[in-house]
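J.: Pasting upload.cif below, which is mmCIF, C-alpha atoms and all ligand atoms.
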data_run
loop_
_atom_site.group_PDB
_atom_site.id
_atom_site.type_symbol
_atom_site.label_atom_id
_atom_site.label_comp_id
_atom_site.auth_asym_id
_atom_site.auth_seq_id
_atom_site.Cartn_x
_atom_site.Cartn_y
_atom_site.Cartn_z
ATOM 1 C CA LEU Y 86 20.142 -7.052 -5.783
ATOM 2 C CA VAL Y 87 21.522 -3.619 -6.595
ATOM 3 C CA ILE Y 88 19.591 -0.897 -4.784
ATOM 4 C CA TYR Y 89 19.456 2.833 -5.414
ATOM 5 C CA CYS Y 90 20.039 4.232 -1.945
ATOM 6 C CA ASN Y 91 20.028 7.948 -1.532
ATOM 7 C CA GLY Y 92 22.424 8.996 -4.281
ATOM 8 C CA ALA Y 93 24.304 5.769 -5.031
ATOM 9 C CA PHE Y 94 23.752 2.276 -6.398
ATOM 10 C CA VAL Y 95 24.853 -0.189 -3.722
ATOM 11 C CA ALA Y 96 24.629 -3.899 -2.956
ATOM 12 C CA GLU Y 97 21.578 -5.021 -0.991
ATOM 13 C CA GLU Y 98 23.674 -5.528 2.165
ATOM 14 C CA GLU Y 99 24.882 -1.919 1.943
ATOM 15 C CA ALA Y 100 21.416 -0.436 1.367
ATOM 16 C CA LYS Y 101 20.602 1.027 4.770
ATOM 17 C CA VAL Y 102 18.204 3.637 6.077
ATOM 18 C CA SER Y 103 19.223 5.884 8.960
ATOM 19 C CA VAL Y 104 17.302 5.606 12.238
ATOM 20 C CA PHE Y 105 17.011 9.409 11.971
ATOM 21 C CA ASP Y 106 15.184 9.159 8.641
ATOM 22 C CA HIS Y 107 11.740 10.656 9.185
ATOM 23 C CA GLY Y 108 10.234 8.089 6.840
ATOM 24 C CA PHE Y 109 11.209 5.532 9.482
ATOM 25 C CA LEU Y 110 10.503 7.676 12.548
ATOM 26 C CA TYR Y 111 7.192 9.197 11.452
ATOM 27 C CA GLY Y 112 6.050 7.616 8.198
ATOM 28 C CA ASP Y 113 6.922 11.011 6.702
ATOM 29 C CA GLY Y 114 7.322 10.241 3.041
ATOM 30 C CA ILE Y 115 5.683 8.881 -0.076
ATOM 31 C CA PHE Y 116 6.151 5.975 -2.433
ATOM 32 C CA GLU Y 117 5.190 4.294 -5.675
ATOM 33 C CA GLY Y 118 4.820 0.656 -6.655
ATOM 34 C CA ILE Y 119 5.640 0.325 -10.337
ATOM 35 C CA ARG Y 120 5.839 -2.652 -12.655
ATOM 36 C CA ALA Y 121 8.044 -3.572 -15.593
ATOM 37 C CA TYR Y 122 6.798 -6.054 -18.184
ATOM 38 C CA HIS Y 123 9.108 -7.458 -20.868
ATOM 39 C CA GLY Y 124 11.559 -4.609 -20.336
ATOM 40 C CA ARG Y 125 8.992 -1.809 -20.452
ATOM 41 C CA VAL Y 126 8.068 0.178 -17.356
ATOM 42 C CA PHE Y 127 4.286 0.236 -17.374
ATOM 43 C CA LYS Y 128 2.742 3.730 -17.137
ATOM 44 C CA LEU Y 129 5.941 5.210 -15.724
ATOM 45 C CA ALA Y 130 4.941 8.796 -16.541
ATOM 46 C CA GLU Y 131 1.666 8.335 -14.617
ATOM 47 C CA HIS Y 132 3.497 6.929 -11.589
ATOM 48 C CA LEU Y 133 5.973 9.825 -11.577
ATOM 49 C CA LYS Y 134 3.128 12.315 -11.888
ATOM 50 C CA ARG Y 135 1.397 10.760 -8.864
ATOM 51 C CA LEU Y 136 4.664 10.683 -6.886
ATOM 52 C CA TYR Y 137 5.303 14.385 -7.491
ATOM 53 C CA GLU Y 138 1.666 15.214 -6.681
ATOM 54 C CA SER Y 139 1.931 13.288 -3.401
ATOM 55 C CA ALA Y 140 5.140 15.230 -2.656
ATOM 56 C CA LYS Y 141 3.480 18.560 -3.405
ATOM 57 C CA SER Y 142 0.572 17.706 -1.151
ATOM 58 C CA ILE Y 143 2.794 16.847 1.850
ATOM 59 C CA HIS Y 144 5.043 19.861 1.153
ATOM 60 C CA LEU Y 145 8.055 17.716 0.326
ATOM 61 C CA SER Y 146 10.676 18.944 -2.085
ATOM 62 C CA ILE Y 147 12.067 15.877 -3.863
ATOM 63 C CA GLY Y 148 15.090 17.802 -5.094
ATOM 64 C CA ILE Y 149 15.454 16.147 -8.514
ATOM 65 C CA SER Y 150 13.413 16.349 -11.712
ATOM 66 C CA LYS Y 151 10.972 13.743 -13.017
ATOM 67 C CA GLU Y 152 13.454 13.027 -15.817
ATOM 68 C CA GLN Y 153 16.183 12.271 -13.279
ATOM 69 C CA MET Y 154 13.772 10.135 -11.286
ATOM 70 C CA GLN Y 155 12.844 8.205 -14.438
ATOM 71 C CA GLU Y 156 16.541 7.554 -15.033
ATOM 72 C CA ILE Y 157 16.943 6.191 -11.482
ATOM 73 C CA VAL Y 158 14.108 3.717 -12.117
ATOM 74 C CA LEU Y 159 15.441 2.603 -15.504
ATOM 75 C CA GLU Y 160 19.021 2.345 -14.243
ATOM 76 C CA THR Y 161 17.927 0.233 -11.260
ATOM 77 C CA LEU Y 162 16.349 -2.239 -13.694
ATOM 78 C CA ARG Y 163 19.419 -2.211 -15.961
ATOM 79 C CA ARG Y 164 21.862 -2.820 -13.120
ATOM 80 C CA ASN Y 165 19.804 -5.797 -11.980
ATOM 81 C CA GLY Y 166 19.264 -7.122 -15.486
ATOM 82 C CA LEU Y 167 15.516 -7.215 -14.825
ATOM 83 C CA LYS Y 168 12.887 -7.163 -17.586
ATOM 84 C CA ASP Y 169 9.911 -8.184 -15.445
ATOM 85 C CA ALA Y 170 9.925 -6.646 -12.012
ATOM 86 C CA TYR Y 171 8.094 -4.822 -9.285
ATOM 87 C CA ILE Y 172 9.776 -1.525 -8.473
ATOM 88 C CA ARG Y 173 9.438 0.244 -5.151
ATOM 89 C CA LEU Y 174 10.318 3.929 -5.301
ATOM 90 C CA VAL Y 175 10.392 5.670 -1.925
ATOM 91 C CA VAL Y 176 10.989 9.325 -1.120
ATOM 92 C CA SER Y 177 11.210 10.172 2.561
ATOM 93 C CA ARG Y 178 11.635 13.540 4.286
ATOM 94 C CA GLY Y 179 15.191 12.392 4.950
ATOM 95 C CA LYS Y 180 17.362 12.625 8.029
ATOM 96 C CA GLY Y 181 16.405 15.005 10.823
ATOM 97 C CA ASP Y 182 16.506 14.952 14.601
ATOM 98 C CA LEU Y 183 14.174 12.995 16.874
ATOM 99 C CA GLY Y 184 11.535 15.716 16.769
ATOM 100 C CA LEU Y 185 8.990 15.633 13.976
ATOM 101 C CA ASP Y 186 9.644 19.092 12.538
ATOM 102 C CA PRO Y 187 10.329 18.621 8.807
ATOM 103 C CA ASN Y 188 12.314 21.873 8.797
ATOM 104 C CA LYS Y 189 15.047 19.908 10.540
ATOM 105 C CA CYS Y 190 15.316 17.586 7.520
ATOM 106 C CA PRO Y 191 17.438 19.435 4.952
ATOM 107 C CA GLN Y 192 17.221 16.875 2.171
ATOM 108 C CA ALA Y 193 14.725 14.276 0.983
ATOM 109 C CA ALA Y 194 16.063 10.715 0.740
ATOM 110 C CA ILE Y 195 15.336 8.628 -2.374
ATOM 111 C CA TYR Y 196 15.353 4.821 -2.525
ATOM 112 C CA CYS Y 197 14.610 2.518 -5.440
ATOM 113 C CA VAL Y 198 14.330 -1.276 -5.139
ATOM 114 C CA ALA Y 199 13.468 -3.649 -7.991
ATOM 115 C CA ASP Y 200 12.443 -7.191 -7.134
ATOM 116 C CA GLN Y 201 9.639 -9.687 -7.677
ATOM 117 C CA ILE Y 202 6.284 -9.509 -5.894
ATOM 118 C CA LYS Y 203 3.474 -11.996 -5.502
ATOM 119 C CA ILE Y 204 0.671 -10.895 -3.255
ATOM 120 C CA PHE Y 205 -1.900 -13.510 -4.326
ATOM 121 C CA GLU Y 206 -1.386 -17.158 -5.323
ATOM 122 C CA SER Y 207 -1.751 -17.985 -9.048
ATOM 123 C CA LEU Y 208 -4.807 -20.174 -8.453
ATOM 124 C CA MET Y 209 -6.648 -17.199 -6.955
ATOM 125 C CA TYR Y 210 -6.568 -15.447 -10.340
ATOM 126 C CA GLU Y 211 -8.612 -18.310 -11.807
ATOM 127 C CA LYS Y 212 -10.887 -19.101 -8.873
ATOM 128 C CA GLY Y 213 -11.301 -15.621 -7.443
ATOM 129 C CA LEU Y 214 -10.847 -14.220 -3.955
ATOM 130 C CA GLU Y 215 -12.967 -14.383 -0.851
ATOM 131 C CA VAL Y 216 -12.797 -11.051 0.956
ATOM 132 C CA LYS Y 217 -14.358 -9.347 3.934
ATOM 133 C CA THR Y 218 -15.317 -5.775 4.656
ATOM 134 C CA ALA Y 219 -13.162 -4.431 7.482
ATOM 135 C CA ALA Y 220 -14.194 -2.598 10.627
ATOM 136 C CA THR Y 221 -11.139 -0.347 10.116
ATOM 137 C CA ARG Y 222 -12.275 2.527 7.914
ATOM 138 C CA ARG Y 223 -10.368 4.329 5.174
ATOM 139 C CA ASN Y 224 -9.371 7.780 6.350
ATOM 140 C CA ASN Y 225 -11.362 10.836 5.338
ATOM 141 C CA PRO Y 226 -10.089 12.837 2.371
ATOM 142 C CA ASP Y 227 -10.120 15.966 4.542
ATOM 143 C CA SER Y 228 -7.482 14.532 6.900
ATOM 144 C CA LEU Y 229 -4.716 12.482 5.256
ATOM 145 C CA ASN Y 230 -6.151 12.223 1.765
ATOM 146 C CA PRO Y 231 -5.887 8.635 0.476
ATOM 147 C CA ARG Y 232 -4.844 10.109 -2.890
ATOM 148 C CA ILE Y 233 -1.490 10.792 -1.226
ATOM 149 C CA LYS Y 234 0.478 7.556 -1.482
ATOM 150 C CA SER Y 235 2.085 8.147 1.890
ATOM 151 C CA LEU Y 236 4.378 5.926 3.941
ATOM 152 C CA ASN Y 237 1.634 5.597 6.532
ATOM 153 C CA TYR Y 238 -0.357 2.466 5.738
ATOM 154 C CA LEU Y 239 -1.376 1.512 9.260
ATOM 155 C CA ASN Y 240 -5.118 1.571 8.662
ATOM 156 C CA ASN Y 241 -4.690 -0.619 5.587
ATOM 157 C CA ILE Y 242 -2.510 -2.978 7.625
ATOM 158 C CA LEU Y 243 -5.108 -3.154 10.410
ATOM 159 C CA ALA Y 244 -7.708 -4.057 7.777
ATOM 160 C CA LYS Y 245 -5.370 -6.724 6.373
ATOM 161 C CA ILE Y 246 -4.988 -8.182 9.872
ATOM 162 C CA GLU Y 247 -8.793 -8.378 10.102
ATOM 163 C CA ALA Y 248 -8.836 -10.301 6.820
ATOM 164 C CA ASN Y 249 -6.058 -12.653 7.993
ATOM 165 C CA GLN Y 250 -7.911 -13.344 11.242
ATOM 166 C CA ALA Y 251 -11.121 -14.075 9.338
ATOM 167 C CA GLY Y 252 -9.268 -16.552 7.114
ATOM 168 C CA VAL Y 253 -9.595 -14.552 3.886
ATOM 169 C CA VAL Y 254 -6.793 -12.904 1.939
ATOM 170 C CA GLU Y 255 -8.029 -9.364 1.423
ATOM 171 C CA ALA Y 256 -10.119 -6.751 3.190
ATOM 172 C CA ILE Y 257 -12.385 -4.137 1.657
ATOM 173 C CA MET Y 258 -12.292 -0.827 3.461
ATOM 174 C CA LEU Y 259 -15.324 1.412 3.779
ATOM 175 C CA THR Y 260 -15.387 5.177 4.076
ATOM 176 C CA GLN Y 261 -16.278 6.875 7.360
ATOM 177 C CA ASP Y 262 -19.850 7.084 5.991
ATOM 178 C CA GLY Y 263 -19.995 3.383 5.218
ATOM 179 C CA TYR Y 264 -19.611 3.496 1.435
ATOM 180 C CA VAL Y 265 -17.291 1.029 -0.248
ATOM 181 C CA ALA Y 266 -13.830 2.611 -0.717
ATOM 182 C CA GLU Y 267 -11.074 0.175 -1.748
ATOM 183 C CA GLY Y 268 -8.950 -2.819 -0.817
ATOM 184 C CA THR Y 269 -5.832 -2.516 1.342
ATOM 185 C CA SER Y 270 -3.604 -1.977 -1.709
ATOM 186 C CA ASP Y 271 -5.996 -2.178 -4.617
ATOM 187 C CA ASN Y 272 -9.043 -0.408 -6.027
ATOM 188 C CA ILE Y 273 -12.419 -2.115 -6.299
ATOM 189 C CA PHE Y 274 -14.791 -2.483 -9.243
ATOM 190 C CA ILE Y 275 -18.260 -4.013 -9.470
ATOM 191 C CA VAL Y 276 -20.594 -4.678 -12.391
ATOM 192 C CA ARG Y 277 -24.264 -3.865 -11.827
ATOM 193 C CA ASN Y 278 -26.918 -3.878 -14.539
ATOM 194 C CA GLY Y 279 -24.155 -4.059 -17.130
ATOM 195 C CA VAL Y 280 -22.409 -0.933 -15.805
ATOM 196 C CA LEU Y 281 -18.811 -1.117 -14.554
ATOM 197 C CA MET Y 282 -18.672 0.909 -11.323
ATOM 198 C CA THR Y 283 -15.859 2.092 -9.094
ATOM 199 C CA PRO Y 284 -15.956 4.603 -6.209
ATOM 200 C CA PRO Y 285 -15.185 8.232 -7.143
ATOM 201 C CA LEU Y 286 -11.865 9.761 -6.017
ATOM 202 C CA SER Y 287 -13.742 12.322 -3.915
ATOM 203 C CA VAL Y 288 -14.816 9.600 -1.472
ATOM 204 C CA GLY Y 289 -11.174 9.045 -0.451
ATOM 205 C CA VAL Y 290 -9.405 6.359 -2.454
ATOM 206 C CA LEU Y 291 -6.057 6.185 -4.154
ATOM 207 C CA GLU Y 292 -6.209 7.220 -7.806
ATOM 208 C CA GLY Y 293 -4.931 3.844 -8.954
ATOM 209 C CA ILE Y 294 -2.987 3.746 -12.203
ATOM 210 C CA THR Y 295 -4.470 0.293 -12.846
ATOM 211 C CA ARG Y 296 -7.934 1.683 -11.992
ATOM 212 C CA ASN Y 297 -7.496 4.419 -14.597
ATOM 213 C CA SER Y 298 -6.204 1.923 -17.195
ATOM 214 C CA VAL Y 299 -9.229 -0.317 -16.601
ATOM 215 C CA LEU Y 300 -11.646 2.619 -16.958
ATOM 216 C CA ASP Y 301 -9.942 3.596 -20.246
ATOM 217 C CA LEU Y 302 -9.987 0.015 -21.545
ATOM 218 C CA ALA Y 303 -13.654 -0.400 -20.621
ATOM 219 C CA ARG Y 304 -14.576 2.722 -22.591
ATOM 220 C CA GLU Y 305 -12.585 1.446 -25.588
ATOM 221 C CA LEU Y 306 -14.435 -1.880 -25.360
ATOM 222 C CA GLY Y 307 -17.825 -0.140 -25.240
ATOM 223 C CA ILE Y 308 -18.504 -1.110 -21.609
ATOM 224 C CA LYS Y 309 -20.502 1.531 -19.722
ATOM 225 C CA THR Y 310 -18.615 2.965 -16.747
ATOM 226 C CA ALA Y 311 -19.615 5.019 -13.703
ATOM 227 C CA GLU Y 312 -17.554 6.513 -10.876
ATOM 228 C CA GLU Y 313 -20.259 6.429 -8.233
ATOM 229 C CA LEU Y 314 -20.735 5.770 -4.545
ATOM 230 C CA PHE Y 315 -21.999 2.328 -3.675
ATOM 231 C CA THR Y 316 -22.757 0.414 -0.496
ATOM 232 C CA ARG Y 317 -22.079 -3.085 0.826
ATOM 233 C CA HIS Y 318 -25.567 -4.038 -0.383
ATOM 234 C CA ASP Y 319 -24.617 -3.040 -3.945
ATOM 235 C CA LEU Y 320 -21.452 -5.087 -3.596
ATOM 236 C CA TYR Y 321 -23.215 -8.220 -2.257
ATOM 237 C CA THR Y 322 -25.794 -8.100 -5.056
ATOM 238 C CA ALA Y 323 -23.407 -7.180 -7.906
ATOM 239 C CA SER Y 324 -23.059 -9.494 -10.880
ATOM 240 C CA GLU Y 325 -19.239 -9.182 -10.795
ATOM 241 C CA CYS Y 326 -16.509 -7.800 -8.575
ATOM 242 C CA PHE Y 327 -12.756 -7.468 -9.010
ATOM 243 C CA LEU Y 328 -9.752 -5.625 -7.590
ATOM 244 C CA THR Y 329 -7.043 -3.714 -9.452
ATOM 245 C CA GLY Y 330 -3.516 -2.698 -8.492
ATOM 246 C CA THR Y 331 0.034 -2.630 -9.765
ATOM 247 C CA ALA Y 332 0.993 -5.642 -7.647
ATOM 248 C CA ALA Y 333 -2.363 -7.483 -7.869
ATOM 249 C CA GLU Y 334 -3.066 -6.526 -11.505
ATOM 250 C CA LEU Y 335 -6.735 -7.538 -12.067
ATOM 251 C CA ILE Y 336 -8.054 -10.221 -9.721
ATOM 252 C CA PRO Y 337 -11.635 -11.465 -9.431
ATOM 253 C CA VAL Y 338 -13.579 -11.416 -6.145
ATOM 254 C CA VAL Y 339 -16.171 -14.177 -5.856
ATOM 255 C CA ASN Y 340 -17.328 -13.924 -2.249
ATOM 256 C CA VAL Y 341 -17.752 -10.958 0.089
ATOM 257 C CA ASP Y 342 -18.604 -11.395 3.789
ATOM 258 C CA GLY Y 343 -19.781 -14.934 3.092
ATOM 259 C CA ARG Y 344 -22.053 -13.956 0.169
ATOM 260 C CA ASP Y 345 -21.237 -15.378 -3.260
ATOM 261 C CA ILE Y 346 -21.048 -12.716 -5.937
ATOM 262 C CA ASP Y 347 -23.619 -13.888 -8.495
ATOM 263 C CA ASP Y 348 -22.758 -17.560 -9.224
ATOM 264 C CA GLY Y 349 -19.451 -17.359 -7.331
ATOM 265 C CA LEU Y 350 -17.313 -17.490 -10.474
ATOM 266 C CA PRO Y 351 -15.148 -14.824 -12.180
ATOM 267 C CA GLY Y 352 -17.313 -12.796 -14.575
ATOM 268 C CA GLU Y 353 -17.234 -12.088 -18.291
ATOM 269 C CA VAL Y 354 -16.564 -8.346 -18.024
ATOM 270 C CA PHE Y 355 -13.596 -9.144 -15.801
ATOM 271 C CA LYS Y 356 -12.220 -11.658 -18.316
ATOM 272 C CA LYS Y 357 -12.496 -9.200 -21.204
ATOM 273 C CA LEU Y 358 -10.776 -6.449 -19.243
ATOM 274 C CA LEU Y 359 -8.014 -8.767 -18.049
ATOM 275 C CA ALA Y 360 -7.228 -9.774 -21.646
ATOM 276 C CA ALA Y 361 -7.172 -6.116 -22.728
ATOM 277 C CA PHE Y 362 -4.967 -5.193 -19.771
ATOM 278 C CA ARG Y 363 -2.483 -7.982 -20.557
ATOM 279 C CA ALA Y 364 -2.218 -6.711 -24.132
ATOM 280 C CA LEU Y 365 -1.619 -3.168 -22.888
ATOM 281 C CA THR Y 366 1.277 -4.206 -20.614
ATOM 282 C CA LEU Y 367 3.124 -5.477 -23.683
ATOM 283 C CA VAL Y 368 3.178 -2.120 -25.449
ATOM 284 C CA ASN Y 369 3.024 0.604 -22.826
ATOM 285 C CA GLY Y 370 5.982 2.390 -21.239
ATOM 286 C CA PRO Y 371 9.629 3.288 -21.836
ATOM 287 C CA GLU Y 372 12.219 0.537 -22.417
HETATM 288 N N1 LIG L 401 -5.271 1.577 -3.327
HETATM 289 C C1 LIG L 401 -4.242 1.566 -2.462
HETATM 290 C C2 LIG L 401 -4.492 1.939 -1.047
HETATM 291 C C3 LIG L 401 -2.958 1.211 -2.900
HETATM 292 O O1 LIG L 401 -1.928 1.202 -2.051
HETATM 293 C C4 LIG L 401 -2.768 0.824 -4.257
HETATM 294 C C5 LIG L 401 -1.454 0.396 -4.715
HETATM 295 O O2 LIG L 401 -0.701 1.105 -5.258
HETATM 296 C C6 LIG L 401 -3.874 0.870 -5.119
HETATM 297 C C7 LIG L 401 -5.106 1.245 -4.620
HETATM 298 C C8 LIG L 401 -3.728 0.530 -6.577
HETATM 299 O O3 LIG L 401 -3.069 1.559 -7.262
HETATM 300 P P1 LIG L 401 -2.184 1.274 -8.558
HETATM 301 O O4 LIG L 401 -3.102 0.653 -9.545
HETATM 302 O O5 LIG L 401 -1.690 2.602 -8.978
HETATM 303 O O6 LIG L 401 -1.106 0.353 -8.138
#
Starting from the file, give its structure as structure tokens.

T.:
Amino acid sequence: LVIYCNGAFVAEEEAKVSVFDHGFLYGDGIFEGIRAYHGRVFKLAEHLKRLYESAKSIHLSIGISKEQMQEIVLETLRRNGLKDAYIRLVVSRGKGDLGLDPNKCPQAAIYCVADQIKIFESLMYEKGLEVKTAATRRNNPDSLNPRIKSLNYLNNILAKIEANQAGVVEAIMLTQDGYVAEGTSDNIFIVRNGVLMTPPLSVGVLEGITRNSVLDLARELGIKTAEELFTRHDLYTASECFLTGTAAELIPVVNVDGRDIDDGLPGEVFKKLLAAFRALTLVNGPE
């Protein structure tokens, strides 16, 4: 692979991060996971907007424009000859000393890697996932706001470990108040009484690009939507449930904490939205 590593395109073996990089030392940085389909980078403008908003929120000056950043992403794909790929764009505070003061880091470091990703087996897209709600809670929006896509994913990882230990593949995280928040790297949707529901951003979830696409597609298809708080009870008794994310795309959930969701099969609303999403990936984004 050819990697964009802090100012230069280099071979994978040469792509190295300094031990003084504060992204490594302190998780001080932000990232995006982006996808290219058939040579088009899906929703690239939305990903760049979120990246620059995350940077603003953590007081990080990226040092280059969105246009330049877009060119780094497109050039990484070109140099690797990739048309379908998962792209990881990382901006860290850069090199400093061993103390955490960001003032000691004169320049942000930018990395871009394009590769393949497969977080769930193909069969799971047809059969649906079994998941569990995790004891590890999503952090409050008044501390490290989950809308910041930061390099600190430890609570999500702890939740994933809970899922692994319980023998399921994904965990659902709750808010500090016990409302349903999101998966470890995906947003959650349920269908109740014919309404497609997802938790509001104010509760402390990432503003998923896939989440927003699904909400838009639902409205176009005449499906009622609501961004509303809901509890585990609402989840257990929903008629459908699915997760959304750049890496996961749309994946059905058929069992939560041992309870089948409705008849334990992927639902009709999910199937309609998946078809619409697939169609959208073919036309959206710069080539
Ligand atoms: N929630 C979290 C915590 C994530 O890390 C991700 C992945 O990016 C998502 C949700 C889904 O967001 P998107 O659809 O923008 O990939």

J.: Taking all atoms listed in the file into account, report as a PyMOL selection string which residues have an atom no farther than 10 Å from an atom of ligand LIG 401 (chain L).

T.: chain Y and resi 116-120+128+131-132+135+223+231-236+238+240-241+258+266-273+289-299+328-335

J.: Using the chain letters and numbering of this document, enumerate as a ChimeraX atom specification the residues selected by the PyMOL selection byres (((chain Y and resi 177) around 10) and not hetatm).

T.: /Y:91,106-109,111-116,140,145-147,175-176,178-180,190,192-196,235-236

J.: Quick one: everything within 8 Å of Asn278 (chain Y), counting only C-alpha atoms, minus sequence neighbours fewer than 2 positions away in the same chain. Send it as number ranges by chain.

T.: Y: 276, 280, 324

J.: Store the residues picked out above, limited to C-alpha atoms, as a compact mmCIF listing (two decimals), in the coordinates of the input.

T.:
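Result file again07.txt:
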# COMPACT_ATOMS: atom_id res chain seq x y z
CA VAL Y 276 -20.59 -4.68 -12.39
CA VAL Y 280 -22.41 -0.93 -15.80
CA SER Y 324 -23.06 -9.49 -10.88

J.: Which residues come within 10 Å of Gln201 (chain Y), counting only C-alpha atoms, excluding same-chain residues fewer than 5 positions away, as an NGL selection string?

T.: :Y and (120 or 167 or 169-172 or 332)

J.: Output the selection as a PDB file, in the frame of the given file - C-alpha atoms for each residue.

T.:
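selection.pdb written:
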ATOM      1  CA  ARG Y 120       5.839  -2.652 -12.655  1.00  0.00           C
ATOM      2  CA  LEU Y 167      15.516  -7.215 -14.825  1.00  0.00           C
ATOM      3  CA  ASP Y 169       9.911  -8.184 -15.445  1.00  0.00           C
ATOM      4  CA  ALA Y 170       9.925  -6.646 -12.012  1.00  0.00           C
ATOM      5  CA  TYR Y 171       8.094  -4.822  -9.285  1.00  0.00           C
ATOM      6  CA  ILE Y 172       9.776  -1.525  -8.473  1.00  0.00           C
ATOM      7  CA  ALA Y 332       0.993  -5.642  -7.647  1.00  0.00           C
TER       8      ALA Y 332
END

J.: Considering all atoms listed in the file, can you say which of Y:Ala360, Y:Val198, Y:Val102, Y:Leu110 comes closest to Ile336 (chain Y)?

T.: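 Using all atoms listed in the file, Ile336 (chain Y) sits closest to Y:Ala360.
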
J.: What does the structure give for the distance between CA of Asp347 (chain Y) and CA of Tyr321 (chain Y), in Å to one decimal?

T.: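 Between CA of Asp347 (chain Y) and CA of Tyr321 (chain Y) the gap is 8.4 Å.
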
J.: At a cut-off of 8 Å, using all atoms listed in the file, what residues contact Pro285 (chain Y)? Leave out same-chain residues fewer than 5 positions from it and give the result as an MDAnalysis selection string.

T.: chainID Y and resid 290 312:314

J.: Just give me the gap between CA of Arg277 (chain Y) and CA of Leu320 (chain Y) in Å, one decimal is fine.

T.: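 Spanning CA of Arg277 (chain Y) to CA of Leu320 (chain Y) is a straight-line distance of 8.8 Å.
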
J.: With the PyMOL selection byres (((chain Y and resi 183) around 8) and not hetatm) as the selection, what would be picked from this file? Answer as a PDB file with C-alpha atoms, in the coordinates of the input, please.

T.:
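Written output follows (selection.pdb):
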ATOM      1  CA  PHE Y 105      17.011   9.409  11.971  1.00  0.00           C
ATOM      2  CA  LEU Y 110      10.503   7.676  12.548  1.00  0.00           C
ATOM      3  CA  GLY Y 181      16.405  15.005  10.823  1.00  0.00           C
ATOM      4  CA  ASP Y 182      16.506  14.952  14.601  1.00  0.00           C
ATOM      5  CA  GLY Y 184      11.535  15.716  16.769  1.00  0.00           C
ATOM      6  CA  LEU Y 185       8.990  15.633  13.976  1.00  0.00           C
TER       7      LEU Y 185
END

J.: For region 225-235 of chain Y, what centre and edge lengths in Å (one decimal) does the axis-aligned box get once 6 Å is added on each side of all its listed atoms, as lines of an AutoDock Vina configuration file?

T.:
center_x = -4.6
center_y = 11.8
center_z = 2.0
size_x = 25.4
size_y = 20.4
size_z = 21.8

J.: Let me know the residues the PyMOL selection byres (((chain Y and resi 88) around 7) and not hetatm) catches in the file above, as a PyMOL selection string.

T.: chain Y and resi 86-87+89-90+94-97+100+161+197-198

J.: Please compute the CA of Cys326 (chain Y)-CA of Tyr210 (chain Y) distance, one decimal, in Å.

T.: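 Atom-to-atom, CA of Cys326 (chain Y) to CA of Tyr210 (chain Y), that is 12.7 Å.
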